[in-house]
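As stored in run.cif (mmCIF, C-alpha atoms):
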```cif
data_coords
loop_
_atom_site.label_atom_id
_atom_site.label_comp_id
_atom_site.auth_asym_id
_atom_site.auth_seq_id
_atom_site.Cartn_x
_atom_site.Cartn_y
_atom_site.Cartn_z
CA MET A 876 -43.13 205.21 22.57
CA LEU A 877 -41.07 208.21 21.48
CA SER A 878 -43.03 210.66 19.35
CA GLU A 879 -41.98 210.98 15.71
CA GLN A 880 -41.01 214.63 16.13
CA SER A 881 -38.91 213.94 19.21
CA ALA A 882 -37.32 210.87 17.60
CA ALA A 883 -36.14 213.00 14.67
CA THR A 884 -34.82 215.70 17.00
CA VAL A 885 -33.00 213.26 19.27
CA ARG A 886 -31.51 211.44 16.27
CA ALA A 887 -30.18 214.73 14.89
CA THR A 888 -28.75 215.95 18.19
CA LEU A 889 -27.52 212.68 19.66
CA PRO A 890 -23.94 213.17 18.36
CA ALA A 891 -23.69 216.66 19.90
CA VAL A 892 -25.24 215.64 23.21
CA GLY A 893 -23.18 212.45 23.27
CA ALA A 894 -19.97 214.40 22.74
CA ALA A 895 -20.84 216.66 25.69
CA ILE A 896 -22.31 214.00 27.98
CA GLY A 897 -19.16 213.84 30.11
CA GLU A 898 -19.36 217.54 30.93
CA ILE A 899 -23.12 217.33 31.41
CA THR A 900 -22.85 214.53 33.95
CA GLU A 901 -19.96 216.20 35.78
CA ARG A 902 -22.03 219.35 36.21
CA PHE A 903 -25.09 217.26 37.07
CA TYR A 904 -23.41 215.45 39.95
CA ALA A 905 -21.79 218.64 41.24
CA GLY A 906 -25.17 220.36 41.37
CA LEU A 907 -26.98 217.34 42.76
CA PHE A 908 -24.54 216.77 45.61
CA ALA A 909 -24.33 220.48 46.43
CA ALA A 910 -28.11 220.57 46.86
CA HIS A 911 -28.45 217.08 48.39
CA PRO A 912 -25.17 216.14 50.14
CA ALA A 913 -26.84 213.20 51.89
CA LEU A 914 -27.12 211.40 48.54
CA LEU A 915 -23.33 211.23 48.22
CA ARG A 916 -22.90 210.35 51.87
CA ASP A 917 -25.57 207.66 52.08
CA VAL A 918 -26.58 206.47 48.58
CA PHE A 919 -23.99 206.95 45.84
CA ASN A 920 -20.74 205.00 45.88
CA ARG A 921 -18.12 207.57 46.92
CA GLY A 922 -15.29 205.50 45.47
CA ASN A 923 -16.96 205.35 42.06
CA GLN A 924 -17.62 209.07 42.22
CA ALA A 925 -13.96 209.76 43.01
CA ALA A 926 -12.83 207.53 40.14
CA GLY A 927 -15.36 209.00 37.69
CA THR A 928 -16.94 205.64 36.88
CA GLN A 929 -20.38 206.67 38.14
CA ARG A 930 -20.43 209.55 35.64
CA GLN A 931 -19.50 207.10 32.91
CA ALA A 932 -22.40 204.86 33.97
CA LEU A 933 -24.94 207.68 33.75
CA ALA A 934 -23.62 208.72 30.36
CA GLY A 935 -23.80 205.14 29.16
CA SER A 936 -27.38 204.68 30.33
CA ILE A 937 -28.62 207.88 28.70
CA ALA A 938 -26.84 207.20 25.43
CA ALA A 939 -27.97 203.56 25.31
CA PHE A 940 -31.58 204.41 26.04
CA ALA A 941 -31.76 207.32 23.58
CA THR A 942 -30.04 205.31 20.85
CA HIS A 943 -32.50 202.47 21.30
CA LEU A 944 -35.46 204.82 21.14
CA VAL A 945 -34.40 206.46 17.89
CA ASP A 946 -33.59 203.09 16.30
CA HIS A 947 -36.75 201.40 17.64
CA PRO A 948 -39.25 204.18 18.54
CA ASP A 949 -42.07 201.68 19.13
CA GLN A 950 -40.12 199.51 21.56
CA ARG A 951 -38.64 199.85 25.03
CA PRO A 952 -35.28 198.29 25.91
CA ASP A 953 -36.90 196.14 28.57
CA ALA A 954 -33.82 194.03 29.32
CA MET A 955 -31.72 197.11 30.08
CA LEU A 956 -34.51 198.70 32.08
CA ALA A 957 -35.02 195.55 34.16
CA ARG A 958 -31.35 195.37 35.05
CA ILE A 959 -31.11 198.94 36.27
CA ALA A 960 -34.53 198.71 37.99
CA HIS A 961 -33.31 195.78 40.07
CA LYS A 962 -30.27 197.83 41.13
CA HIS A 963 -32.50 200.78 42.03
CA ALA A 964 -34.95 198.61 43.96
CA SER A 965 -32.14 197.13 46.03
CA LEU A 966 -31.15 200.68 46.95
CA GLY A 967 -34.72 201.71 47.83
CA VAL A 968 -35.00 204.35 45.09
CA THR A 969 -38.30 206.27 45.19
CA PRO A 970 -40.33 207.90 42.39
CA GLU A 971 -39.71 211.32 43.93
CA GLN A 972 -35.96 210.96 43.38
CA TYR A 973 -36.45 210.89 39.62
CA ALA A 974 -37.82 214.44 39.77
CA VAL A 975 -34.72 215.52 41.70
CA VAL A 976 -32.45 213.93 39.10
CA HIS A 977 -34.44 215.59 36.30
CA GLU A 978 -34.06 219.02 37.89
CA HIS A 979 -30.28 218.83 38.17
CA LEU A 980 -29.69 216.97 34.91
CA PHE A 981 -31.49 219.56 32.82
CA ALA A 982 -29.88 222.39 34.78
CA ALA A 983 -26.54 220.88 33.74
CA ILE A 984 -27.62 220.75 30.10
CA ALA A 985 -28.70 224.39 30.23
CA ALA A 986 -25.39 225.36 31.85
CA ILE A 987 -23.40 224.18 28.85
CA ALA A 988 -25.75 225.49 26.17
CA ALA A 989 -22.95 227.73 24.96
CA VAL A 990 -20.78 224.68 24.37
CA LEU A 991 -23.49 222.90 22.42
CA GLY A 992 -24.42 226.08 20.57
CA ALA A 993 -27.47 225.81 18.34
CA ALA A 994 -27.96 222.19 19.39
CA VAL A 995 -29.95 223.31 22.46
CA THR A 996 -33.25 224.88 21.42
CA PRO A 997 -36.67 224.64 23.08
CA GLU A 998 -37.49 221.81 20.66
CA VAL A 999 -34.30 219.95 21.54
CA ALA A 1000 -34.88 220.42 25.27
CA ALA A 1001 -38.45 219.14 24.91
CA ALA A 1002 -37.31 216.08 22.96
CA TRP A 1003 -34.68 215.10 25.52
CA ASP A 1004 -37.17 215.80 28.31
CA GLU A 1005 -39.46 213.26 26.65
CA VAL A 1006 -36.60 210.75 26.51
CA TYR A 1007 -35.85 211.25 30.20
CA TRP A 1008 -39.43 210.77 31.38
CA LEU A 1009 -39.98 207.76 29.16
CA MET A 1010 -36.97 206.17 30.84
CA ALA A 1011 -37.86 207.38 34.35
CA ASN A 1012 -41.52 206.37 34.21
CA ALA A 1013 -40.65 202.95 32.81
CA LEU A 1014 -38.17 202.41 35.66
CA VAL A 1015 -40.69 203.60 38.27
CA ALA A 1016 -43.23 201.08 36.96
CA VAL A 1017 -40.76 198.18 37.05
CA GLU A 1018 -39.49 199.16 40.48
CA LYS A 1019 -43.05 199.38 41.84
CA ARG A 1020 -43.66 195.81 40.72
CA LEU A 1021 -40.38 194.64 42.26
CA TYR A 1022 -41.24 196.26 45.60
CA GLU A 1023 -44.66 194.60 45.56
CA GLU A 1024 -43.12 191.20 44.81
CA SER A 1025 -40.52 191.52 47.57
CA GLY A 1026 -43.07 192.75 50.10
CA SER A 1027 -41.04 195.75 51.23
CA ARG A 1028 -38.56 198.36 50.11
CA GLU A 1029 -37.23 198.70 53.66
CA ARG A 1030 -33.98 197.13 54.81
CA ARG A 1031 -34.00 194.69 57.67
CA LEU A 1032 -31.47 194.08 60.43
CA TRP A 1033 -29.62 190.78 60.16
CA GLU A 1034 -27.21 189.24 62.68
CA VAL A 1035 -23.91 187.78 61.52
CA VAL A 1036 -23.89 184.19 62.82
CA GLU A 1037 -20.71 183.09 61.06
CA ARG A 1038 -17.83 184.62 59.17
CA VAL A 1039 -15.67 182.42 56.94
CA THR A 1040 -12.31 183.42 55.46
CA GLU A 1041 -12.40 182.07 51.90
CA THR A 1042 -9.13 183.57 50.61
CA ALA A 1043 -6.75 186.33 51.68
CA ASP A 1044 -9.13 188.88 50.14
CA VAL A 1045 -12.56 187.18 50.25
CA ALA A 1046 -14.76 186.56 53.28
CA SER A 1047 -18.25 185.05 53.46
CA PHE A 1048 -20.83 186.34 55.92
CA ARG A 1049 -23.75 184.18 57.06
CA LEU A 1050 -26.66 185.98 58.68
CA ARG A 1051 -30.13 185.41 60.13
CA PRO A 1052 -32.89 187.98 60.80
CA ALA A 1053 -32.25 189.84 64.04
CA ASP A 1054 -36.01 189.87 64.72
CA GLY A 1055 -36.25 186.09 64.43
CA GLY A 1056 -38.82 186.42 61.67
CA PRO A 1057 -39.19 184.31 58.52
CA VAL A 1058 -36.72 184.40 55.65
CA ALA A 1059 -38.18 184.83 52.19
CA GLY A 1060 -36.79 182.73 49.38
CA PHE A 1061 -34.63 184.04 46.59
CA ARG A 1062 -33.68 182.98 43.09
CA ALA A 1063 -30.18 181.67 42.50
CA GLY A 1064 -28.10 184.50 41.03
CA GLN A 1065 -29.72 187.36 42.96
CA TYR A 1066 -27.99 189.83 45.29
CA VAL A 1067 -28.75 191.96 48.33
CA SER A 1068 -27.81 195.52 49.18
CA VAL A 1069 -25.80 195.82 52.38
CA ARG A 1070 -25.64 199.15 54.21
CA VAL A 1071 -22.96 199.91 56.80
CA GLU A 1072 -22.09 202.95 58.87
CA LEU A 1073 -18.50 204.03 58.26
CA ALA A 1074 -16.17 205.79 60.67
CA ASP A 1075 -17.12 209.25 59.35
CA GLY A 1076 -20.84 208.59 59.83
CA ALA A 1077 -21.58 207.91 56.17
CA ARG A 1078 -24.02 205.04 55.56
CA GLN A 1079 -22.79 203.54 52.33
CA ILE A 1080 -24.55 200.78 50.38
CA ARG A 1081 -23.14 198.02 48.18
CA GLN A 1082 -24.64 195.03 46.38
CA TYR A 1083 -23.29 191.52 46.99
CA SER A 1084 -24.42 188.31 45.32
CA LEU A 1085 -25.96 185.68 47.54
CA SER A 1086 -23.50 182.79 47.53
CA GLY A 1087 -25.40 180.30 49.67
CA ALA A 1088 -28.06 177.78 48.71
CA PRO A 1089 -31.58 179.15 48.06
CA GLY A 1090 -34.23 177.93 50.46
CA SER A 1091 -32.09 178.22 53.57
CA GLY A 1092 -33.04 180.26 56.62
CA ILE A 1093 -29.57 181.81 56.44
CA ARG A 1094 -28.44 184.51 54.02
CA GLN A 1095 -24.84 184.21 52.81
CA PHE A 1096 -22.91 186.72 50.75
CA SER A 1097 -19.20 186.81 49.95
CA VAL A 1098 -17.13 190.00 49.79
CA LYS A 1099 -13.87 190.64 48.01
CA ARG A 1100 -11.74 193.32 49.64
CA VAL A 1101 -11.24 196.06 47.02
CA ARG A 1102 -7.68 197.32 47.17
CA GLY A 1103 -6.95 200.72 45.71
CA GLY A 1104 -4.44 201.57 43.04
CA ASP A 1105 -4.46 203.15 39.63
CA ALA A 1106 -8.12 202.14 39.19
CA GLY A 1107 -9.27 204.11 42.22
CA PRO A 1108 -9.32 204.22 46.03
CA ASP A 1109 -9.75 201.30 48.42
CA GLY A 1110 -13.30 199.99 48.60
CA GLU A 1111 -14.88 201.66 51.61
CA VAL A 1112 -17.55 199.08 52.36
CA SER A 1113 -15.57 195.94 51.46
CA ASN A 1114 -12.66 197.02 53.66
CA HIS A 1115 -15.05 197.93 56.49
CA LEU A 1116 -16.69 194.50 56.33
CA HIS A 1117 -13.32 192.74 56.31
CA ALA A 1118 -11.80 194.81 59.10
CA ARG A 1119 -14.72 195.36 61.46
CA VAL A 1120 -17.64 192.95 61.02
CA ARG A 1121 -17.62 189.80 63.14
CA GLU A 1122 -20.07 187.26 64.55
CA GLY A 1123 -22.82 188.94 66.55
CA ASP A 1124 -22.68 192.21 64.59
CA LEU A 1125 -25.79 193.56 62.84
CA LEU A 1126 -26.05 194.59 59.20
CA GLU A 1127 -28.85 196.18 57.19
CA LEU A 1128 -29.84 194.05 54.20
CA SER A 1129 -32.36 194.64 51.44
CA GLU A 1130 -34.60 191.95 50.04
CA PRO A 1131 -32.99 189.94 47.20
CA TYR A 1132 -33.00 191.49 43.71
CA GLY A 1133 -31.32 190.84 40.37
CA ASP A 1134 -32.34 189.57 36.95
CA LEU A 1135 -29.49 187.11 36.32
CA VAL A 1136 -31.41 184.10 37.61
CA LEU A 1137 -31.72 180.46 36.61
CA ASP A 1138 -34.71 179.90 34.33
CA VAL A 1139 -34.28 176.39 32.96
CA ASP A 1140 -35.87 172.95 32.95
CA ASP A 1141 -34.18 169.64 33.55
CA THR A 1142 -33.46 169.12 29.85
CA THR A 1143 -31.50 172.34 29.25
CA PRO A 1144 -27.70 172.02 28.96
CA LEU A 1145 -25.98 174.76 30.94
CA LEU A 1146 -22.63 176.52 30.98
CA LEU A 1147 -21.77 178.55 34.08
CA ALA A 1148 -18.69 180.71 33.49
CA SER A 1149 -17.08 183.02 36.04
CA ALA A 1150 -13.84 184.78 36.83
CA GLY A 1151 -12.61 186.09 40.18
CA ILE A 1152 -15.35 187.11 42.59
CA GLY A 1153 -17.85 186.54 39.78
CA VAL A 1154 -17.98 183.00 41.15
CA THR A 1155 -20.46 183.99 43.87
CA PRO A 1156 -23.77 183.82 41.96
CA MET A 1157 -22.56 180.66 40.19
CA ILE A 1158 -22.21 178.88 43.54
CA ALA A 1159 -25.85 179.62 44.36
CA MET A 1160 -26.87 178.41 40.90
CA LEU A 1161 -24.95 175.15 41.31
CA ALA A 1162 -26.49 174.64 44.76
CA GLN A 1163 -29.96 175.12 43.27
CA LEU A 1164 -29.24 172.73 40.39
CA ALA A 1165 -27.95 170.10 42.82
CA GLU A 1166 -31.02 170.51 45.01
CA ASP A 1167 -33.31 170.17 41.98
CA GLY A 1168 -31.48 167.12 40.66
CA HIS A 1169 -30.74 168.75 37.30
CA GLY A 1170 -30.03 165.96 34.83
CA ALA A 1171 -28.84 167.74 31.67
CA PRO A 1172 -25.13 168.48 31.09
CA VAL A 1173 -23.64 171.34 33.13
CA THR A 1174 -20.27 172.80 32.14
CA VAL A 1175 -18.60 174.75 34.96
CA VAL A 1176 -15.93 177.25 33.86
CA HIS A 1177 -13.84 179.52 36.09
CA GLY A 1178 -10.69 181.61 35.81
CA ASP A 1179 -8.58 183.01 38.65
CA ARG A 1180 -5.05 184.05 39.56
CA SER A 1181 -4.36 180.83 41.48
CA PRO A 1182 -6.21 178.12 43.42
CA ALA A 1183 -5.48 180.07 46.61
CA ASP A 1184 -7.33 183.06 45.11
CA HIS A 1185 -10.28 180.95 43.94
CA ALA A 1186 -13.00 181.85 46.44
CA LEU A 1187 -15.46 179.08 47.36
CA LEU A 1188 -13.37 176.53 45.48
CA ASP A 1189 -14.50 173.64 47.69
CA ASP A 1190 -18.16 174.57 47.16
CA HIS A 1191 -17.54 174.99 43.44
CA GLU A 1192 -16.25 171.44 43.18
CA ALA A 1193 -18.65 169.90 45.69
CA TYR A 1194 -21.86 171.20 44.10
CA ALA A 1195 -20.64 170.27 40.62
CA GLY A 1196 -19.86 166.80 41.95
CA LYS A 1197 -23.46 166.35 43.10
CA LEU A 1198 -24.83 166.82 39.59
CA ALA A 1199 -25.60 163.88 37.33
CA ASP A 1200 -23.60 165.21 34.36
CA ALA A 1201 -21.18 168.03 35.19
CA THR A 1202 -17.63 168.86 34.15
CA THR A 1203 -15.35 171.52 35.63
CA TRP A 1204 -12.83 173.56 33.66
CA PHE A 1205 -10.61 175.79 35.81
CA TRP A 1206 -7.88 178.13 34.55
CA TYR A 1207 -5.17 179.67 36.76
CA GLU A 1208 -2.33 182.05 35.98
CA ARG A 1209 0.04 180.42 38.50
CA ASP A 1210 0.32 177.40 40.81
CA VAL A 1211 -1.70 175.33 38.37
CA PRO A 1212 -2.69 171.95 39.85
CA ALA A 1213 -3.13 168.73 37.92
CA GLY A 1214 -6.34 168.73 35.90
CA ALA A 1215 -6.54 172.53 35.62
CA HIS A 1216 -5.34 174.78 32.79
CA ARG A 1217 -2.75 177.54 32.71
CA GLY A 1218 -3.59 181.08 31.61
CA LEU A 1219 -6.87 182.80 30.87
CA VAL A 1220 -10.19 181.10 30.20
CA ASP A 1221 -10.34 179.73 26.65
CA LEU A 1222 -13.35 177.72 25.50
CA THR A 1223 -11.69 176.40 22.32
CA ALA A 1224 -11.43 172.85 23.64
CA VAL A 1225 -14.50 172.94 25.90
CA PRO A 1226 -17.43 170.83 24.60
CA VAL A 1227 -20.58 172.93 24.21
CA ALA A 1228 -23.78 170.91 23.87
CA PRO A 1229 -26.44 172.00 21.33
CA GLY A 1230 -29.09 174.18 22.94
CA THR A 1231 -26.77 175.32 25.74
CA ARG A 1232 -27.87 178.24 27.90
CA ALA A 1233 -24.95 180.17 29.38
CA TYR A 1234 -24.65 182.34 32.51
CA LEU A 1235 -21.58 184.56 32.88
CA CYS A 1236 -20.26 186.70 35.72
CA GLY A 1237 -16.92 188.48 36.02
CA PRO A 1238 -14.96 191.41 34.62
CA LEU A 1239 -16.25 192.87 31.36
CA PRO A 1240 -13.23 191.77 29.24
CA PHE A 1241 -13.70 188.20 30.46
CA MET A 1242 -17.42 188.18 29.67
CA ARG A 1243 -16.95 189.72 26.24
CA THR A 1244 -14.33 187.09 25.36
CA VAL A 1245 -16.44 184.19 26.61
CA ARG A 1246 -19.59 185.53 24.94
CA THR A 1247 -17.77 185.84 21.60
CA GLN A 1248 -16.42 182.31 21.88
CA LEU A 1249 -19.84 180.91 22.75
CA ILE A 1250 -21.47 182.59 19.77
CA GLU A 1251 -18.71 181.21 17.54
CA ARG A 1252 -19.54 177.76 18.96
CA GLY A 1253 -23.19 178.15 17.96
CA VAL A 1254 -24.79 179.37 21.20
CA ALA A 1255 -27.62 181.80 20.43
CA PRO A 1256 -26.96 185.33 21.77
CA ALA A 1257 -30.38 185.26 23.45
CA ASP A 1258 -29.22 182.24 25.47
CA ILE A 1259 -26.20 184.06 26.94
CA HIS A 1260 -27.00 185.87 30.19
CA TYR A 1261 -24.57 187.87 32.31
CA GLU A 1262 -24.16 189.91 35.46
CA VAL A 1263 -21.99 193.02 35.69
CA PHE A 1264 -20.66 194.25 39.03
CA GLY A 1265 -20.19 197.97 39.64
CA PRO A 1266 -21.51 201.02 37.80
CA ASP A 1267 -20.76 199.78 34.27
CA LEU A 1268 -23.76 197.47 33.89
CA TRP A 1269 -25.00 199.26 30.74
CA LEU A 1270 -21.69 198.66 28.99
CA ALA A 1271 -22.34 194.94 28.70
CA LYS A 1272 -25.38 195.37 26.48
CA SER A 1273 -23.55 194.15 23.40
#
```

Here is a file; write its structure as structure tokens.
Amino acid sequence: MLSEQSAATVRATLPAVGAAIGEITERFYAGLFAAHPALLRDVFNRGNQAAGTQRQALAGSIAAFATHLVDHPDQRPDAMLARIAHKHASLGVTPEQYAVVHEHLFAAIAAIAAVLGAAVTPEVAAAWDEVYWLMANALVAVEKRLYEESGSRERRLWEVVERVTETADVASFRLRPADGGPVAGFRAGQYVSVRVELADGARQIRQYSLSGAPGSGIRQFSVKRVRGGDAGPDGEVSNHLHARVREGDLLELSEPYGDLVLDVDDTTPLLLASAGIGVTPMIAMLAQLAEDGHGAPVTVVHGDRSPADHALLDDHEAYAGKLADATTWFWYERDVPAGAHRGLVDLTAVPVAPGTRAYLCGPLPFMRTVRTQLIERGVAPADIHYEVFGPDLWLAKS
């Protein structure tokens, strides 16, 4: 709970701090990486840092959390906290790292006091300090529970037993524990963190959705090669996995995390909508539904550039075909086969059963469009769940 005095102070200063948050975060990361260069080398996504998207993510998280607190001082934004806590747990974040972030974040705020002018006073600093520690302590508590549930925050070595080329830019990797030990279960929709050592010695980490069936002794994740361009540089880890990792190689994997998971009974109608590489958690969900013998209607929606770009297309169709009552709706921008639709995903003609629960994964514009259309069709906002890849996960809160 945010104290009444701090809530009033944060509410009054939020516009000024929000306007300067870009400069604050730029100074924050510069100071943090100068003092702790290993964090950039081995924890933070260097591509996102170069493109500036990581700074946008931090700004978005601070603004979203502070705004929620001043609007609802007696409540915590638990859904947002859970999502970021799962990301942190997959990276192995420790409580001590929050103190390091606090030190450099508030040093950055102090450094631009002249820009903010009278907005930064001891009272203002104390109020924002309270906001930070409310957020940090809440995340530490959630992450502690996640570590306890998973049994370990340490990564484990896994051996690649098979590599499958899905499309020109997507490959699936199937792995088993290198130590021959047991494989814990996971919930359909979760992801693992994968750490690789790059040519310059950096040990970078990325999250990839598990795209195989839950309950197997094999872990499978599918990776889209990120090609650079106006949006930023080539993806370091995705290109490394595509170019260098083959059968017999070892990779470090975290335990499974993620809060976009199936939570339904056999009577709940479902809609699983994806675009591009967002298909990966949907495949695991369909595999789980097929294994469970889900009997209620399942509507499977996907959009892609072409069938040749549609990763895991055979699995998409095969798992849907095993369900008692499933329909598939695929959209392609080119090379459209019979039975599919041309263009972008459009739910106008798609039947949506009353009481439908929807799961979405893909680019933000796609998810916002589909979410809007579902609400217009009568789906309750609380029944629409989504996963966001990359550092912009807070931006999907609306």

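Across A:Val1058, A:Val1006, A:Val1136, A:Val918, the tightest approach to Gly967 in chain A is made by A:Val918 when counting only C-alpha atoms.
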
(message) Set the distance at 10 Å and use all atoms listed in the file: which residues neighbour Tyr1132 in chain A once local chain neighbours fewer than 2 positions away are removed? I'd like the list as a list in words.
(response) Arg958, Ala960, His961, Lys962, His963, Ala964, Ser965, Leu966, Leu1021, Tyr1022, Ser1025, Phe1061, Arg1062, Gly1064, Gln1065, Tyr1066, Val1067, Ser1068, Gln1082, Ser1084, Leu1085, Ser1129, Glu1130, Asp1134, Leu1135 and Val1136 of chain A

Residues selected by the PyMOL selection byres ((chain A and resi 1169) around 10), written as a PDB file with C-alpha atoms, in the frame of the given file:
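Once written, result-v1.pdb looks like this:
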```pdb
ATOM      1  CA  VAL A1139     -34.280 176.390  32.960  1.00  0.00           C
ATOM      2  CA  ASP A1140     -35.870 172.950  32.950  1.00  0.00           C
ATOM      3  CA  ASP A1141     -34.180 169.640  33.550  1.00  0.00           C
ATOM      4  CA  THR A1142     -33.460 169.120  29.850  1.00  0.00           C
ATOM      5  CA  THR A1143     -31.500 172.340  29.250  1.00  0.00           C
ATOM      6  CA  PRO A1144     -27.700 172.020  28.960  1.00  0.00           C
ATOM      7  CA  LEU A1145     -25.980 174.760  30.940  1.00  0.00           C
ATOM      8  CA  LEU A1161     -24.950 175.150  41.310  1.00  0.00           C
ATOM      9  CA  GLN A1163     -29.960 175.120  43.270  1.00  0.00           C
ATOM     10  CA  LEU A1164     -29.240 172.730  40.390  1.00  0.00           C
ATOM     11  CA  ALA A1165     -27.950 170.100  42.820  1.00  0.00           C
ATOM     12  CA  GLU A1166     -31.020 170.510  45.010  1.00  0.00           C
ATOM     13  CA  ASP A1167     -33.310 170.170  41.980  1.00  0.00           C
ATOM     14  CA  GLY A1168     -31.480 167.120  40.660  1.00  0.00           C
ATOM     15  CA  GLY A1170     -30.030 165.960  34.830  1.00  0.00           C
ATOM     16  CA  ALA A1171     -28.840 167.740  31.670  1.00  0.00           C
ATOM     17  CA  PRO A1172     -25.130 168.480  31.090  1.00  0.00           C
ATOM     18  CA  VAL A1173     -23.640 171.340  33.130  1.00  0.00           C
ATOM     19  CA  LYS A1197     -23.460 166.350  43.100  1.00  0.00           C
ATOM     20  CA  LEU A1198     -24.830 166.820  39.590  1.00  0.00           C
ATOM     21  CA  ALA A1199     -25.600 163.880  37.330  1.00  0.00           C
ATOM     22  CA  ASP A1200     -23.600 165.210  34.360  1.00  0.00           C
ATOM     23  CA  ALA A1201     -21.180 168.030  35.190  1.00  0.00           C
TER      24      ALA A1201
END
```

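From CA of Met1157 in chain A back to CA of Gln1248 in chain A, the distance works out to 19.4 Å.
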
(message) List as JSON, numbers by chain the residues having at least one atom at most 10 Å from position (-26.9, 189.2, 31.3) as given in the file, counting only C-alpha atoms.
(response) {"A": [954, 955, 958, 1134, 1135, 1136, 1233, 1234, 1235, 1236, 1242, 1257, 1258, 1259, 1260, 1261, 1262, 1263, 1268, 1271, 1272, 1273]}

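With all atoms listed in the file as the atoms that count, the residue of A:Trp1204, A:Pro1057, A:Lys1099, A:Thr888 with the shortest distance to Thr996 in chain A is A:Thr888.
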
Reconstruct range 1171-1184 of chain A at the level of N, CA and C atoms, and format the result as an mmCIF file, in the frame of the given file.
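After the write, part-v4.cif holds the following:
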```cif
data_model
loop_
_atom_site.group_PDB
_atom_site.id
_atom_site.type_symbol
_atom_site.label_atom_id
_atom_site.label_comp_id
_atom_site.auth_asym_id
_atom_site.auth_seq_id
_atom_site.Cartn_x
_atom_site.Cartn_y
_atom_site.Cartn_z
ATOM 1 N N ALA A 1171 -29.513 167.415 32.926
ATOM 2 C CA ALA A 1171 -28.840 167.740 31.670
ATOM 3 C C ALA A 1171 -27.384 168.126 31.934
ATOM 4 N N PRO A 1172 -26.538 168.128 30.892
ATOM 5 C CA PRO A 1172 -25.130 168.480 31.090
ATOM 6 C C PRO A 1172 -24.950 169.891 31.648
ATOM 7 N N VAL A 1173 -24.014 170.031 32.567
ATOM 8 C CA VAL A 1173 -23.640 171.340 33.130
ATOM 9 C C VAL A 1173 -22.128 171.472 33.001
ATOM 10 N N THR A 1174 -21.691 172.512 32.295
ATOM 11 C CA THR A 1174 -20.270 172.800 32.140
ATOM 12 C C THR A 1174 -19.910 173.963 33.052
ATOM 13 N N VAL A 1175 -18.983 173.743 33.971
ATOM 14 C CA VAL A 1175 -18.600 174.750 34.960
ATOM 15 C C VAL A 1175 -17.223 175.296 34.580
ATOM 16 N N VAL A 1176 -17.159 176.594 34.324
ATOM 17 C CA VAL A 1176 -15.930 177.250 33.860
ATOM 18 C C VAL A 1176 -15.565 178.352 34.853
ATOM 19 N N HIS A 1177 -14.284 178.436 35.207
ATOM 20 C CA HIS A 1177 -13.840 179.520 36.090
ATOM 21 C C HIS A 1177 -12.380 179.859 35.823
ATOM 22 N N GLY A 1178 -12.063 181.144 35.930
ATOM 23 C CA GLY A 1178 -10.690 181.610 35.810
ATOM 24 C C GLY A 1178 -10.297 182.439 37.025
ATOM 25 N N ASP A 1179 -9.044 182.260 37.489
ATOM 26 C CA ASP A 1179 -8.580 183.010 38.650
ATOM 27 C C ASP A 1179 -7.059 183.116 38.599
ATOM 28 N N ARG A 1180 -6.503 183.908 39.534
ATOM 29 C CA ARG A 1180 -5.050 184.050 39.560
ATOM 30 C C ARG A 1180 -4.374 182.752 39.978
ATOM 31 N N SER A 1181 -4.939 182.073 40.973
ATOM 32 C CA SER A 1181 -4.360 180.830 41.480
ATOM 33 C C SER A 1181 -5.437 180.094 42.257
ATOM 34 N N PRO A 1182 -5.232 178.809 42.579
ATOM 35 C CA PRO A 1182 -6.210 178.120 43.420
ATOM 36 C C PRO A 1182 -6.412 178.806 44.771
ATOM 37 N N ALA A 1183 -5.351 179.392 45.318
ATOM 38 C CA ALA A 1183 -5.480 180.070 46.610
ATOM 39 C C ALA A 1183 -6.355 181.312 46.521
ATOM 40 N N ASP A 1184 -6.481 181.883 45.320
ATOM 41 C CA ASP A 1184 -7.330 183.060 45.110
ATOM 42 C C ASP A 1184 -8.744 182.695 44.683
#
```
